[in-house]
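S.K.: Quick one: structure below, then a few questions.
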Amino acid sequence: MKFLLQDRAIRAILLDIEGTTTPIAFVYDVLFPFARIRLRAYLEDPAHAAVVRDVLELLRKEWDADTAARRGVADWQEAAPGSASTYLEWLMDHDIKSPALKRLQGLIWEGGYRAGELRGEVFPDVRPAFERWRDARVTIAIYSSGSVLAQRLLFGATREGDLTPFIAAFFDTGVGPKRWPDSYRRIAGELQHDAAGVLFVSDTPAELDAARGAGCHVLLAERPGNRSASYSDAESIRSFDQIV
Ligand SMILES: [Mg+2]
């Protein structure tokens with residue numbers, strides 16, 4: 001199957017990351033463990049005192065507002081930054097999308113990318129597709145639950161080089177949840193295109209439903225390592241080579 005951009009009058013391609021541009025394993029087997037292993041040392045490093053204070057303030061507010069979290073971690077001591085790691089690890093164990101945790105992970109990844117210890121991973125068809133779409137004057141944008149900082153870092157240091165010059169805009173859940181049609185309407189507005197001119201590609205049916213609800217075109221990404229989504233409501237692709 002080929003998805004022909006011109007036939008559908010597509011002006012912008014909006015891409016999910018995990019399971020779409022990037023193997024899910026990269027996030028779970030590389031990125032998350034990288035941050036987890038360095039978390040305590042990062043919090044305790046005096047060189048990070050100012051930023052750690054900010055993050056812990058945010059974390060404290062989240063903890064106060066979250067009774068489930070308080071059941072998970074009872075021994076929070078504000079005076080000892082190290083004790084926050086217990087709560088942060090609990091958040092990671094439960095895969096809870098905490099803004100404070102995300103900020104901290106972003107900072108740790110940033111250090112790793114800058115030191116050359118981390119490289120962003122994308123499927124081999126991604127860079128050639130970016131080149132092709134750019135040449136066709138199609139806008140390329142990213143929408144991921146990972147922070148914009150984390151997205152920029154990932155695409156900024158891949159084995160195929162810095163891919164950020166191809167990408168016109170990065171969106172995270174600051175624009176709205178990925179399962180809400182309004183988020184896709186907002187993104188289309190920001191990209192200055194009608195929703196009907198936007199193609200959204202993701203491995204997650206609920207996200208595709210939301211994008212379609214906003215009037216976007218959608219494609220299901222079936223990548224190696226993805227949970228197989230039984231989803232008959234959209235066309236699917238195995239490679240970006242199919243989007244021409
Ligand atoms: Mg995904």
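By convention here, the chains of the structure tokens are called A, B, ... in the order presented, each chain's residues are numbered starting at 1, and ligands are numbered starting at 1 in the order presented.
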Could you please write out, as a PyMOL selection string, every residue of range 11-201 of chain A that DSSP assigns to strand (DSSP E)?

M.R.: chain A and resi 12-15+139-143+169-171+198-201

S.K.: As a list in words, please: the residues near Arg11 in chain A (cut-off 8 Å, only C-alpha atoms, same-chain neighbours under 4 positions excluded).

M.R.: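 The residues that qualify are Leu5, Arg137, Val138, Thr139, His193, Gly197 and Val198 of chain A.
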
S.K.: Which residues come within 7 Å of range 232-243 of chain A, counting only C-alpha atoms, excluding same-chain residues fewer than 6 positions away, as JSON, numbers by chain?

M.R.: {"A": [1, 2, 3, 4, 5, 125, 126, 129, 218, 219, 220, 221, 222, 223]}

S.K.: Throw together the list of residues within 9 Å of ligand 1, counting only C-alpha atoms and all ligand atoms, and drop it here as a ChimeraX atom specification.

M.R.: /A:15-22,24,144-145,201-204,207,221,226

S.K.: Might you pull out every residue within 10 Å of Tyr113 in chain A, with only C-alpha atoms counted and same-chain residues fewer than 3 positions away left off, and present them as a ChimeraX atom specification?

M.R.: /A:108-110,116-120,153-154,156-158

S.K.: Just the residues within 8 Å of Leu56 in chain A, please, counting only C-alpha atoms, with nothing from its chain fewer than 3 positions along; format it as number ranges by chain.

M.R.: A: 52-53, 59-60, 81, 84, 100

S.K.: Using DSSP assignments from the backbone, pull out every residue in range 165-209 of chain A that falls under helix (DSSP H, G or I) and give it to me as a list in words.

M.R.: Pro165, Phe166, Thr173, Gly174, Val175, Pro181, Asp182, Ser183, Tyr184, Arg185, Arg186, Ile187, Ala188, Gly189, Glu190, Ala195, Ala196, Gly197, Pro205, Ala206, Glu207, Leu208 and Asp209 of chain A

S.K.: Can you tell me how far CA of Leu191 in chain A sits from CA of Gln105 in chain A, in Å to one decimal?

M.R.: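 Between CA of Leu191 in chain A and CA of Gln105 in chain A the gap is 28.0 Å.
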
S.K.: Considering only C-alpha atoms, state which residue in the set A:Asp29, A:Asp64, A:Thr86, A:Pro205 is at the smallest distance from Leu43 in chain A.

M.R.: A:Thr86

S.K.: CA of Gln6 in chain A and CA of Arg179 in chain A are how many Å apart?

M.R.: 27.1 Å
